[in-house]
Amino acid sequence: MTNTLKIFFLGVALVFQSCLNDNAVPVEDIVLDETAEILRYLESIGDFPNTELAPALVTATELFNTSSQYFILDIRTPQEFSSGHIDLAVNISSAKLYDIVDSLNMNYPNKKIAVVSKNGQASSYFVCLLRLAGFNNVYSLNYGMASWNMFFADEWFSALNDVDQTFINIEFPKKPFTHLPKLELPSSLKTIQEKTIYRIKEIIGKDFVNGISYSKKFSTSIANTHFLVCYGQPRLYGAPRDLGSRGHPENAVWYRDAYLFEFRSVNSLQTLPNDQPILIYSGDGQLSACLAAYLNVLGYDVKTLLFGANQLFYWRLNADPQLAEYVFSTADVMNYPYVSGN
Amino acid sequence: MKHFQIILFLCLSFFVGCENEELLNPDFSYQQKLVIQCQFSVDSNFPGVIVTKTLPLDIIFDMELAEITNATLYIRINGYQIIPLHYIENGLYKPLYDFRPTEGDYYELYGEWNEYNFYALSKIPVKPAVKSVNFNSSGFYGEADVITSKDEVYSALWVVDQGNYQTANDFYNISVPSSNANNNSISVRSAAYPVEYQSSAFNGRRYMQIYSFDRSFDAYFKTKTQNEEINNPYVQGSASTVWNVKGENVIGMFIGLNRSEFIFVN
């Protein structure tokens, strides 16, 4: 081939290049992951866990006085239920909660639903999931059956403990912002609502006690395997000098509840690690159970510390008036009547 | 030579195809465009993004017809933090909770509506750091030396203290650092003070305010009236306005800005 021909071909190639359609506007890859979609949906229906409404508690007294307004769904084991339950309560498996609540809402739209567990934490967890699914008439019995009658309060009272001898007041920084966890949902799901409900149902199907809660006694070694989160007001994280300055376990990171609600998307949600298990504690374990539910929906690997600060520094909760709302005591146990059998 | 002729023939047939494509399919039909508007700064909460669509010429503008109510929009900050935006009213999409942008952060806008996808990137500039200010007595304008930051351009408004402050309606030009780097110096000027403020009676009452913008503001400013720079009247503009929101049949600006206090000039 002669040089002339080579030059000719080069010229032709250049002309072809200029003929190529260049109308396409470059757009960055707009591939938003499923988690961002779910986050948007949960916000669009009220962002329940990040509001004053969470964890949607109904007290034993309120339920006792207005029981006719409620369907009472008891999610304890059949054995626990038959040993004693609230009159007219129905014993169901937590795995069936979504379908039953959905059905009740369709047939009795003006009724409220109270979910009852043994200690109030499993019910907070599931109520939060149901609220995230859009059921805004669902409530968790505060402290569960333990607040209904002393007969059921054994686990709560045996959990009260003080393990804060090694706690410190140093504030540990949040991690840098990172991506939301990756969720993989079936491609058959088309709408954001379908995806969210699928995810919620998937989590409801998992067992609370073994799956989501950290029921063992807390030990400082857990900070080596979990990203430890204290969720609450300042005094829950830092103890004043006159109360020993032993605020929290080493490596615990503080996220503020009201009024900042630091798990909101505009705040510090994405400073939570997406590649490490998270253990979260709150004052009494009910709010942390709710938040664990929320964060699990978003794909985080989260557990809640049962009984919260009550199993960490019960003496300090009692000694600090600002923490009084978290203290579980005999004053919270109402001794209302219960029935035995199925 | 015979092969050469065959190749030449094939090539010419391609050229003809290229030419005809434009000539045979002239399309003068109305093309709807999506319009995205958002200007944000550290002075106030993130204001939200307005999403509307253009309307045909024979339809009187009506926000109910123009606004888009069911778009999907997100902000992503510094490559990580996702903040969903939710429809409020009149095409406005806001975060569920107020938050104030932080200077130096990079904001990306992701959005989609029906077949439209769009994307924009903007830096929230740092507050302009002014080294010195000078009054140009021959041109009656203020000029300042400003320390540059990466991905930013600069401009200025004149300000006059009349008891309350009068400010210019628009910028004179955009000063673009020759090097897109931090800590260089650049001269920024305002438009001339209006004639009524040029007399000595206004000495001691002339100020200027320096603005910093995301770098994409430069191309928009220079083309927003489909013309060239205001100080180059002999060049006929021709190009379309350069928007920083990218997407097929999507136009608009998603732009971060910051500004100095009023700085005394003369």
# chains A, B, ... in the order shown; residues from 1 in each chain; ligands from 1
$ residues_around --residues "Tyr172 in chain B" --least-positions-apart "4" --cutoff "12 Å" --atoms "only C-alpha atoms" --output "JSON, numbers by chain"
{"B": [141, 142, 143, 154, 155, 156, 157, 158, 168, 188, 189, 190, 191, 192, 193, 210, 211, 218, 221, 222, 229, 230, 231, 232]}
$ write_last_selection --atoms "N, CA and C atoms" --output "JSON list (two decimals), in the first residue's frame"
[["chain", "number", "residue", "atom", "x", "y", "z"],
["B", 141, "TYR", "N", -15.44, 51.93, 39.30],
["B", 141, "TYR", "CA", -15.84, 50.60, 39.76],
["B", 141, "TYR", "C", -14.90, 50.13, 40.87],
["B", 142, "GLY", "N", -15.34, 49.13, 41.58],
["B", 142, "GLY", "CA", -14.53, 48.53, 42.63],
["B", 142, "GLY", "C", -13.80, 47.32, 42.10],
["B", 143, "GLU", "N", -12.61, 47.11, 42.59],
["B", 143, "GLU", "CA", -11.88, 45.90, 42.20],
["B", 143, "GLU", "C", -11.17, 45.35, 43.44],
["B", 154, "TYR", "N", -15.14, 33.78, 40.27],
["B", 154, "TYR", "CA", -15.46, 34.91, 41.16],
["B", 154, "TYR", "C", -16.10, 36.05, 40.40],
["B", 155, "SER", "N", -16.92, 36.80, 41.12],
["B", 155, "SER", "CA", -17.49, 38.00, 40.55],
["B", 155, "SER", "C", -17.82, 38.96, 41.69],
["B", 156, "ALA", "N", -18.35, 40.12, 41.33],
["B", 156, "ALA", "CA", -18.60, 41.11, 42.38],
["B", 156, "ALA", "C", -19.77, 42.00, 41.99],
["B", 157, "LEU", "N", -20.44, 42.50, 42.99],
["B", 157, "LEU", "CA", -21.51, 43.48, 42.81],
["B", 157, "LEU", "C", -21.10, 44.78, 43.48],
["B", 158, "TRP", "N", -21.45, 45.91, 42.88],
["B", 158, "TRP", "CA", -21.25, 47.15, 43.60],
["B", 158, "TRP", "C", -22.38, 47.32, 44.62],
["B", 168, "ALA", "N", -26.03, 46.18, 42.89],
["B", 168, "ALA", "CA", -26.19, 45.95, 41.45],
["B", 168, "ALA", "C", -27.11, 44.76, 41.21],
["B", 188, "VAL", "N", -10.89, 40.75, 40.79],
["B", 188, "VAL", "CA", -12.34, 40.68, 40.58],
["B", 188, "VAL", "C", -12.87, 42.10, 40.60],
["B", 189, "ARG", "N", -13.76, 42.44, 39.66],
["B", 189, "ARG", "CA", -14.27, 43.80, 39.63],
["B", 189, "ARG", "C", -15.78, 43.82, 39.55],
["B", 190, "SER", "N", -16.33, 44.94, 39.98],
["B", 190, "SER", "CA", -17.78, 45.14, 39.88],
["B", 190, "SER", "C", -18.06, 45.91, 38.59],
["B", 191, "ALA", "N", -19.31, 46.06, 38.26],
["B", 191, "ALA", "CA", -19.68, 47.01, 37.21],
["B", 191, "ALA", "C", -19.44, 48.42, 37.75],
["B", 192, "ALA", "N", -19.44, 49.40, 36.88],
["B", 192, "ALA", "CA", -19.26, 50.77, 37.32],
["B", 192, "ALA", "C", -20.44, 51.19, 38.19],
["B", 193, "TYR", "N", -20.15, 51.95, 39.21],
["B", 193, "TYR", "CA", -21.25, 52.50, 40.02],
["B", 193, "TYR", "C", -22.11, 53.36, 39.12],
["B", 210, "ILE", "N", -18.09, 40.45, 47.12],
["B", 210, "ILE", "CA", -17.45, 39.46, 46.26],
["B", 210, "ILE", "C", -18.22, 38.14, 46.34],
["B", 211, "TYR", "N", -18.47, 37.55, 45.20],
["B", 211, "TYR", "CA", -19.15, 36.26, 45.13],
["B", 211, "TYR", "C", -18.18, 35.20, 44.62],
["B", 218, "ASP", "N", -19.28, 30.04, 35.18],
["B", 218, "ASP", "CA", -18.60, 30.87, 34.18],
["B", 218, "ASP", "C", -19.24, 30.69, 32.80],
["B", 221, "PHE", "N", -22.80, 32.07, 32.73],
["B", 221, "PHE", "CA", -22.87, 33.53, 32.74],
["B", 221, "PHE", "C", -22.55, 34.10, 31.36],
["B", 222, "LYS", "N", -21.56, 33.51, 30.72],
["B", 222, "LYS", "CA", -21.13, 34.04, 29.44],
["B", 222, "LYS", "C", -22.11, 33.73, 28.32],
["B", 229, "GLU", "N", -19.06, 37.75, 26.24],
["B", 229, "GLU", "CA", -18.84, 38.53, 27.44],
["B", 229, "GLU", "C", -19.29, 39.97, 27.23],
["B", 230, "ILE", "N", -19.78, 40.56, 28.26],
["B", 230, "ILE", "CA", -20.33, 41.90, 28.17],
["B", 230, "ILE", "C", -19.26, 42.93, 27.77],
["B", 231, "ASN", "N", -18.00, 42.61, 28.07],
["B", 231, "ASN", "CA", -16.94, 43.55, 27.72],
["B", 231, "ASN", "C", -16.34, 43.26, 26.35],
["B", 232, "ASN", "N", -17.02, 42.45, 25.57],
["B", 232, "ASN", "CA", -16.53, 42.16, 24.24],
["B", 232, "ASN", "C", -17.68, 42.28, 23.24]]
$ residues_around --residues "range 109-119 of chain B" --least-positions-apart "3" --cutoff "10 Å" --atoms "only C-alpha atoms" --output "PyMOL selection string"
(chain A and resi 25-32) or (chain B and resi 33-34+36+38+49+51+68-77+82-85+122+244-252+254)
$ select_by_dssp --residues "range 75-313 of chain A" --states "helix (DSSP H, G or I)" --output "number ranges by chain"
A: 78-83, 94-107, 121-132, 144-147, 150-152, 154-159, 164-166, 192-204, 208-211, 220-224, 234-237, 241-243, 269-271, 286-297, 308-311
$ residues_around --residues "Glu80 in chain A" --least-positions-apart "5" --cutoff "10 Å" --atoms "only C-alpha atoms" --output "ChimeraX atom specification"
/A:74-75,85,91,117-118,152,340-341
$ write_last_selection --atoms "N, CA and C atoms" --output "PDB file, in the first residue's frame"
ATOM      1  N   ASP A  74     -50.286 -10.743  71.088  1.00  0.00           N
ATOM      2  CA  ASP A  74     -49.230 -11.186  72.003  1.00  0.00           C
ATOM      3  C   ASP A  74     -48.270 -12.088  71.218  1.00  0.00           C
ATOM      4  N   ILE A  75     -47.019 -11.661  71.107  1.00  0.00           N
ATOM      5  CA  ILE A  75     -46.063 -12.406  70.261  1.00  0.00           C
ATOM      6  C   ILE A  75     -45.117 -13.280  71.072  1.00  0.00           C
ATOM      7  N   HIS A  85     -51.825 -14.057  80.264  1.00  0.00           N
ATOM      8  CA  HIS A  85     -51.872 -13.026  79.227  1.00  0.00           C
ATOM      9  C   HIS A  85     -53.000 -12.030  79.511  1.00  0.00           C
ATOM     10  N   ASN A  91     -52.626 -14.780  70.776  1.00  0.00           N
ATOM     11  CA  ASN A  91     -51.238 -15.207  70.655  1.00  0.00           C
ATOM     12  C   ASN A  91     -50.916 -15.522  69.197  1.00  0.00           C
ATOM     13  N   SER A 117     -44.972  -8.074  73.967  1.00  0.00           N
ATOM     14  CA  SER A 117     -43.914  -9.078  74.116  1.00  0.00           C
ATOM     15  C   SER A 117     -43.601  -9.206  75.600  1.00  0.00           C
ATOM     16  N   LYS A 118     -42.622 -10.016  75.938  1.00  0.00           N
ATOM     17  CA  LYS A 118     -42.366 -10.231  77.359  1.00  0.00           C
ATOM     18  C   LYS A 118     -41.792  -8.979  78.030  1.00  0.00           C
ATOM     19  N   PHE A 152     -44.788 -11.305  85.487  1.00  0.00           N
ATOM     20  CA  PHE A 152     -44.040 -11.386  84.216  1.00  0.00           C
ATOM     21  C   PHE A 152     -42.742 -10.563  84.230  1.00  0.00           C
ATOM     22  N   SER A 340     -54.987 -17.038  82.491  1.00  0.00           N
ATOM     23  CA  SER A 340     -54.099 -18.144  82.131  1.00  0.00           C
ATOM     24  C   SER A 340     -54.772 -19.060  81.118  1.00  0.00           C
ATOM     25  N   GLY A 341     -53.967 -19.921  80.549  1.00  0.00           N
ATOM     26  CA  GLY A 341     -54.498 -20.854  79.564  1.00  0.00           C
ATOM     27  C   GLY A 341     -54.482 -20.258  78.176  1.00  0.00           C
TER      28      GLY A 341
END
$ atom_distance --atom1 "CA of Lys224 in chain B" --atom2 "CA of Lys123 in chain B"
20.1 Å
